[in-house]
$ cat model14.cif   # mmCIF, C-alpha atoms
data_work
#
loop_
_atom_site.group_PDB
_atom_site.id
_atom_site.type_symbol
_atom_site.label_atom_id
_atom_site.label_comp_id
_atom_site.auth_asym_id
_atom_site.auth_seq_id
_atom_site.Cartn_x
_atom_site.Cartn_y
_atom_site.Cartn_z
ATOM 1 C CA MET A 70 -106.928 5.606 84.882
ATOM 2 C CA VAL A 71 -109.380 3.511 86.955
ATOM 3 C CA GLU A 72 -111.126 0.777 85.020
ATOM 4 C CA ILE A 73 -114.450 -0.260 86.522
ATOM 5 C CA THR A 74 -115.724 -3.411 84.853
ATOM 6 C CA PRO A 75 -119.374 -3.571 83.708
ATOM 7 C CA SER A 76 -120.197 -6.042 86.522
ATOM 8 C CA ALA A 77 -118.646 -3.683 89.097
ATOM 9 C CA GLN A 78 -120.518 -0.711 87.631
ATOM 10 C CA ALA A 79 -123.811 -2.613 87.885
ATOM 11 C CA TYR A 80 -123.041 -3.583 91.494
ATOM 12 C CA LEU A 81 -122.071 -0.026 92.470
ATOM 13 C CA LEU A 82 -125.143 1.394 90.722
ATOM 14 C CA GLU A 83 -127.330 -0.996 92.731
ATOM 15 C CA LEU A 84 -125.676 0.109 95.995
ATOM 16 C CA LEU A 85 -126.030 3.783 95.074
ATOM 17 C CA SER A 86 -129.711 3.364 94.141
ATOM 18 C CA LYS A 87 -130.434 2.258 97.719
ATOM 19 C CA GLN A 88 -129.197 5.582 99.109
ATOM 20 C CA GLU A 89 -131.680 8.350 99.886
ATOM 21 C CA ASP A 90 -129.786 10.961 97.887
ATOM 22 C CA GLY A 91 -130.370 10.350 94.175
ATOM 23 C CA GLU A 92 -127.350 12.448 93.208
ATOM 24 C CA ILE A 93 -124.861 10.314 95.140
ATOM 25 C CA GLY A 94 -121.732 8.976 93.446
ATOM 26 C CA ILE A 95 -118.475 7.412 94.541
ATOM 27 C CA ARG A 96 -115.048 8.778 95.352
ATOM 28 C CA ILE A 97 -111.920 6.716 94.738
ATOM 29 C CA PHE A 98 -108.743 7.515 96.643
ATOM 30 C CA ILE A 99 -105.682 5.931 98.196
ATOM 31 C CA ALA A 100 -104.920 6.386 101.867
ATOM 32 C CA ASP A 101 -101.147 6.626 102.480
ATOM 33 C CA PRO A 102 -100.277 6.446 98.755
ATOM 34 C CA GLY A 103 -96.814 5.261 97.804
ATOM 35 C CA THR A 104 -96.165 3.583 101.160
ATOM 36 C CA PRO A 105 -96.408 -0.003 102.430
ATOM 37 C CA LEU A 106 -99.556 1.116 104.292
ATOM 38 C CA ALA A 107 -101.359 2.202 101.094
ATOM 39 C CA GLU A 108 -105.012 1.244 100.947
ATOM 40 C CA THR A 109 -107.281 1.803 97.958
ATOM 41 C CA CYS A 110 -110.717 3.049 98.988
ATOM 42 C CA ILE A 111 -114.114 3.592 97.410
ATOM 43 C CA ALA A 112 -116.551 5.693 99.405
ATOM 44 C CA TYR A 113 -119.985 7.193 98.877
ATOM 45 C CA CYS A 114 -119.724 10.790 97.707
ATOM 46 C CA ARG A 115 -122.725 13.038 98.153
ATOM 47 C CA PRO A 116 -122.931 16.342 96.265
ATOM 48 C CA GLY A 117 -120.488 18.790 97.823
ATOM 49 C CA GLU A 118 -118.302 16.099 99.417
ATOM 50 C CA GLU A 119 -115.960 15.924 96.439
ATOM 51 C CA GLN A 120 -112.773 17.982 96.553
ATOM 52 C CA PRO A 121 -112.218 20.846 94.075
ATOM 53 C CA GLU A 122 -109.140 19.103 92.597
ATOM 54 C CA ASP A 123 -110.922 15.759 92.074
ATOM 55 C CA GLU A 124 -111.413 14.530 88.533
ATOM 56 C CA ARG A 125 -115.022 13.646 87.683
ATOM 57 C CA ILE A 126 -115.625 10.580 85.518
ATOM 58 C CA GLU A 127 -119.061 9.476 84.346
ATOM 59 C CA TYR A 128 -119.794 5.776 84.533
ATOM 60 C CA GLU A 129 -123.015 3.999 83.586
ATOM 61 C CA GLY A 130 -125.591 5.715 85.796
ATOM 62 C CA PHE A 131 -123.318 7.380 88.355
ATOM 63 C CA PRO A 132 -120.402 9.801 88.680
ATOM 64 C CA ALA A 133 -117.053 8.987 90.241
ATOM 65 C CA TRP A 134 -114.564 11.462 91.617
ATOM 66 C CA ILE A 135 -110.909 10.487 91.532
ATOM 67 C CA ASP A 136 -108.749 12.057 94.218
ATOM 68 C CA ASP A 137 -106.125 14.287 92.597
ATOM 69 C CA ARG A 138 -103.280 13.262 94.899
ATOM 70 C CA SER A 139 -104.073 9.566 94.356
ATOM 71 C CA GLN A 140 -104.119 9.717 90.544
ATOM 72 C CA PRO A 141 -100.479 8.702 89.915
ATOM 73 C CA PHE A 142 -100.974 5.723 92.218
ATOM 74 C CA LEU A 143 -104.221 4.663 90.515
ATOM 75 C CA VAL A 144 -102.655 4.077 87.093
ATOM 76 C CA ASP A 145 -103.716 0.580 85.917
ATOM 77 C CA ALA A 146 -106.233 0.255 88.784
ATOM 78 C CA LEU A 147 -109.108 -2.181 88.268
ATOM 79 C CA VAL A 148 -112.403 -2.442 90.137
ATOM 80 C CA ASP A 149 -114.241 -5.701 89.494
ATOM 81 C CA TYR A 150 -117.224 -7.581 90.872
ATOM 82 C CA ALA A 151 -117.554 -11.352 90.754
ATOM 83 C CA GLU A 152 -120.531 -13.333 91.944
ATOM 84 C CA ASP A 153 -119.856 -16.354 94.112
ATOM 85 C CA ARG A 154 -121.720 -18.735 96.399
ATOM 86 C CA MET A 155 -121.823 -16.104 99.154
ATOM 87 C CA GLY A 156 -123.359 -13.480 96.865
ATOM 88 C CA GLY A 157 -120.393 -11.683 95.386
ATOM 89 C CA GLN A 158 -117.297 -9.657 96.057
ATOM 90 C CA LEU A 159 -116.080 -6.266 94.908
ATOM 91 C CA THR A 160 -112.308 -6.241 94.412
ATOM 92 C CA ILE A 161 -110.000 -3.304 93.883
ATOM 93 C CA LYS A 162 -106.559 -3.880 92.427
ATOM 94 C CA ALA A 163 -104.206 -0.923 92.295
ATOM 95 C CA PRO A 164 -100.739 -2.319 91.541
ATOM 96 C CA ASN A 165 -99.087 1.101 91.796
ATOM 97 C CA SER A 166 -100.667 2.156 95.098
ATOM 98 C CA LYS A 167 -97.665 1.157 97.233
ATOM 99 C CA VAL A 168 -94.995 2.139 94.739
ATOM 100 C CA PRO A 169 -93.189 5.335 95.716
ATOM 101 C CA ASN A 170 -93.912 7.915 93.044
ATOM 102 C CA VAL A 171 -92.190 11.031 94.269
ATOM 103 C CA SER A 172 -90.300 13.879 92.704
ATOM 104 C CA ASP A 173 -89.212 17.318 93.852
ATOM 105 C CA ASP A 174 -92.647 18.722 93.004
ATOM 106 C CA SER A 175 -94.651 15.941 94.745
ATOM 107 C CA PRO A 176 -96.778 16.991 97.727
ATOM 108 C CA ILE A 177 -94.722 17.263 100.886
ATOM 109 C CA GLU A 178 -96.733 14.439 102.510
ATOM 110 C CA ASP A 179 -95.628 12.047 99.751
ATOM 111 C CA ARG A 180 -91.984 13.092 100.095
ATOM 112 C CA ILE A 181 -92.088 12.695 103.908
ATOM 113 C CA ASN A 182 -93.688 9.254 103.586
ATOM 114 C CA TYR A 183 -91.031 8.237 101.075
ATOM 115 C CA VAL A 184 -88.198 9.148 103.480
ATOM 116 C CA LEU A 185 -89.969 7.513 106.437
ATOM 117 C CA HIS A 186 -90.641 4.231 104.656
ATOM 118 C CA SER A 187 -87.448 3.957 102.594
ATOM 119 C CA GLU A 188 -84.825 5.300 105.014
ATOM 120 C CA ILE A 189 -86.103 5.564 108.583
ATOM 121 C CA ASN A 190 -88.498 2.662 109.174
ATOM 122 C CA PRO A 191 -86.062 -0.029 107.983
ATOM 123 C CA GLY A 192 -83.733 0.989 110.847
ATOM 124 C CA LEU A 193 -86.536 1.186 113.398
ATOM 125 C CA ALA A 194 -87.803 -2.242 112.308
ATOM 126 C CA SER A 195 -84.724 -3.868 113.866
ATOM 127 C CA HIS A 196 -86.219 -2.864 117.237
ATOM 128 C CA GLY A 197 -89.761 -3.734 116.215
ATOM 129 C CA GLY A 198 -90.676 -0.073 115.763
ATOM 130 C CA ASN A 199 -92.022 2.249 113.111
ATOM 131 C CA VAL A 200 -93.030 5.846 112.606
ATOM 132 C CA ASN A 201 -95.802 7.234 110.424
ATOM 133 C CA LEU A 202 -96.852 10.674 109.266
ATOM 134 C CA VAL A 203 -100.077 11.909 110.871
ATOM 135 C CA GLU A 204 -100.248 15.272 109.109
ATOM 136 C CA VAL A 205 -98.302 18.329 108.029
ATOM 137 C CA VAL A 206 -99.368 21.575 109.703
ATOM 138 C CA ASP A 207 -98.622 25.078 108.464
ATOM 139 C CA SER A 208 -96.921 23.459 105.426
ATOM 140 C CA GLU A 209 -93.707 23.063 107.399
ATOM 141 C CA ILE A 210 -94.218 20.976 110.575
ATOM 142 C CA ALA A 211 -94.410 17.183 110.304
ATOM 143 C CA ILE A 212 -96.565 15.521 112.954
ATOM 144 C CA LEU A 213 -95.492 11.918 113.499
ATOM 145 C CA GLN A 214 -96.672 8.929 115.490
ATOM 146 C CA PHE A 215 -94.410 6.109 116.645
ATOM 147 C CA GLY A 216 -95.620 2.526 116.948
ATOM 148 C CA GLY A 217 -94.426 -0.958 117.805
ATOM 149 C CA GLY A 218 -91.233 -1.051 119.855
ATOM 150 C CA CYS A 219 -90.873 2.745 119.615
ATOM 151 C CA GLN A 220 -94.107 3.473 121.484
ATOM 152 C CA GLY A 221 -93.178 3.973 125.118
ATOM 153 C CA CYS A 222 -89.478 3.327 124.492
ATOM 154 C CA GLY A 223 -87.196 5.193 126.890
ATOM 155 C CA MET A 224 -84.949 6.227 123.979
ATOM 156 C CA VAL A 225 -87.664 7.596 121.691
ATOM 157 C CA GLU A 226 -86.688 11.234 122.261
ATOM 158 C CA THR A 227 -83.146 10.479 121.115
ATOM 159 C CA THR A 228 -84.507 8.525 118.144
ATOM 160 C CA LEU A 229 -86.744 11.457 117.249
ATOM 161 C CA LYS A 230 -84.146 14.234 117.589
ATOM 162 C CA ASP A 231 -80.949 12.494 116.431
ATOM 163 C CA GLY A 232 -82.454 10.189 113.836
ATOM 164 C CA VAL A 233 -85.897 10.936 112.480
ATOM 165 C CA GLU A 234 -85.938 14.737 112.749
ATOM 166 C CA LYS A 235 -82.347 15.118 111.582
ATOM 167 C CA THR A 236 -82.961 12.949 108.502
ATOM 168 C CA LEU A 237 -86.264 14.625 107.578
ATOM 169 C CA LEU A 238 -84.875 18.163 107.951
ATOM 170 C CA GLU A 239 -81.827 17.241 105.826
ATOM 171 C CA ARG A 240 -83.897 15.641 103.048
ATOM 172 C CA LEU A 241 -86.748 18.196 103.104
ATOM 173 C CA PRO A 242 -85.346 21.669 103.829
ATOM 174 C CA GLU A 243 -88.819 23.243 103.658
ATOM 175 C CA LEU A 244 -89.662 21.473 106.934
ATOM 176 C CA THR A 245 -88.912 23.527 110.023
ATOM 177 C CA ALA A 246 -89.860 21.058 112.750
ATOM 178 C CA VAL A 247 -90.926 17.509 113.536
ATOM 179 C CA ARG A 248 -93.342 16.740 116.392
ATOM 180 C CA ASP A 249 -94.286 13.461 118.067
ATOM 181 C CA VAL A 250 -97.925 12.945 119.120
ATOM 182 C CA THR A 251 -97.484 9.361 120.346
ATOM 183 C CA ASP A 252 -98.882 8.394 123.748
ATOM 184 C CA HIS A 253 -95.658 7.031 125.251
ATOM 185 C CA ALA A 254 -97.403 6.060 128.491
ATOM 186 C CA VAL A 255 -98.273 2.786 126.732
ATOM 187 C CA THR A 256 -95.138 0.672 127.211
ATOM 188 C CA GLU A 257 -96.239 -2.958 126.668
ATOM 189 C CA ASN A 258 -94.202 -3.385 123.471
ATOM 190 C CA ALA A 259 -91.449 -0.839 124.155
ATOM 191 C CA TYR A 260 -88.004 -1.895 122.972
ATOM 192 C CA TYR A 261 -86.160 -0.162 125.812
ATOM 193 C CA GLN A 262 -87.863 0.348 129.158
ATOM 194 C CA PRO A 263 -85.964 2.495 131.658
#
$ encode --input "model14.cif" --output "structure tokens"
Amino acid sequence: MVEITPSAQAYLLELLSKQEDGEIGIRIFIADPGTPLAETCIAYCRPGEEQPEDERIEYEGFPAWIDDRSQPFLVDALVDYAEDRMGGQLTIKAPNSKVPNVSDDSPIEDRINYVLHSEINPGLASHGGNVNLVEVVDSEIAILQFGGGCQGCGMVETTLKDGVEKTLLERLPELTAVRDVTDHAVTENAYYQP
């Protein structure tokens, strides 16, 4: 799944040894997996901070927990460390992190992100706008945030109701509602200002 080169393991072990908690490990996950915003992350993970679904992997001198939801997007991932004139650099390459990997049994967040980034955002981009998923509450309400030309736009309510919400509810029948939490008082970049 995630290959951590020997040089990267040595570097991570050195970082972990400087922490006060001797039982500390790392947690590897992808924020916004399967979307253009995907970012591969490595964070300190103290005992009890791992999630029950995480997979534990033992590396040389430390444990790593791999986020369950991120696993399909971490296939062929590589963590490496290379020394250079400035000291060195840890690099993380996860070629599948931005690739949509959704099916009918994928988590609802992944399916919402897929629809947003493959169907909705390309249309909003023509006005310099975008919309992103903030969270899903009660397993059926999508909380969204608009950005770019959509933030503060005088037509955002129409865009939400007639475009975004309609598309999401059609594609994901388990959703019952879509809510916007954007602060539309900020209008500097708004596409349409009334």
$ resolve_selection --input "model14.cif" --expression "the PyMOL selection byres ((chain A and resi 190-206) around 6)" --output "JSON, numbers by chain"
{"A": [185, 186, 189, 207, 208, 210, 211, 212, 213, 214, 215, 216, 217, 218, 219]}
$ atom_distance --input "model14.cif" --atom1 "atom CA of A:Asp174" --atom2 "atom CA of A:Pro141"
13.1 Å
$ closest_residue --input "model14.cif" --among "A:Asp173, A:Gly130, A:Ala246, A:Pro164" --to "A:Pro75" --atoms "all atoms listed in the file"
A:Gly130
$ closest_atom_pairs --input "model14.cif" --of "stretch 135-170 of chain A" --to "stretch 115-122 of chain A" --cutoff "9 Å" --atoms "all atoms listed in the file" --output "JSON lines"
{"residue": "A:Ile135", "atom": "CA", "partner": "A:Glu122", "partner_atom": "CA", "distance": 8.9}
{"residue": "A:Asp136", "atom": "CA", "partner": "A:Glu122", "partner_atom": "CA", "distance": 7.2}
{"residue": "A:Asp137", "atom": "CA", "partner": "A:Glu122", "partner_atom": "CA", "distance": 5.7}
{"residue": "A:Arg138", "atom": "CA", "partner": "A:Glu122", "partner_atom": "CA", "distance": 8.6}
$ atom_distance --input "model14.cif" --atom1 "atom CA of A:Glu209" --atom2 "atom CA of A:Ser172"
17.7 Å
$ resolve_selection --input "model14.cif" --expression "the PyMOL selection byres ((chain A and resi 85) around 12)" --output "VMD selection string"
chain A and resid 78 to 84 86 to 95 112 to 115 129 to 133
$ residues_near_point --input "model14.cif" --point "(-98.4, 5.3, 100.5)" --cutoff "9 Å" --atoms "all atoms listed in the file" --output "list of chain:residue names"
A:Ile99, A:Ala100, A:Asp101, A:Pro102, A:Gly103, A:Thr104, A:Pro105, A:Leu106, A:Ala107, A:Glu108, A:Phe142, A:Ser166, A:Lys167, A:Val168, A:Pro169, A:Asp179, A:Asn182, A:Tyr183, A:His186
$ axis_aligned_box --input "model14.cif" --around "stretch 226-241 of chain A" --padding-each-side "4 Å" --output "lines of an AutoDock Vina configuration file"
center_x = -83.8
center_y = 13.4
center_z = 112.7
size_x = 13.8
size_y = 17.7
size_z = 27.2
$ closest_residue --input "model14.cif" --among "A:Ala77, A:Val247, A:Ala163, A:Leu147" --to "A:Thr228" --atoms "only C-alpha atoms"
A:Val247
$ atom_distance --input "model14.cif" --atom1 "atom CA of A:Glu234" --atom2 "atom CA of A:Val250"
13.7 Å
$ closest_residue --input "model14.cif" --among "A:Lys230, A:Met70, A:Ile126, A:Ser139" --to "A:Phe98" --atoms "all atoms listed in the file"
A:Ser139
$ decode --input "model14.cif" --residues "stretch 144-157 of chain A" --atoms "C-alpha atoms" --output "compact mmCIF listing (two decimals), in the first residue's frame"
# COMPACT_ATOMS: atom_id res chain seq x y z
CA VAL A 144 -2.29 2.48 -3.75
CA ASP A 145 1.25 2.90 -5.16
CA ALA A 146 2.01 5.74 -2.71
CA LEU A 147 5.68 6.39 -1.93
CA VAL A 148 7.22 8.33 0.95
CA ASP A 149 10.88 9.17 0.41
CA TYR A 150 13.55 11.32 2.01
CA ALA A 151 16.47 12.79 0.11
CA GLU A 152 19.28 14.81 1.61
CA ASP A 153 20.26 18.01 -0.15
CA ARG A 154 22.28 21.15 0.48
CA MET A 155 19.51 22.56 2.68
CA GLY A 156 19.38 19.45 4.87
CA GLY A 157 16.82 17.25 3.21
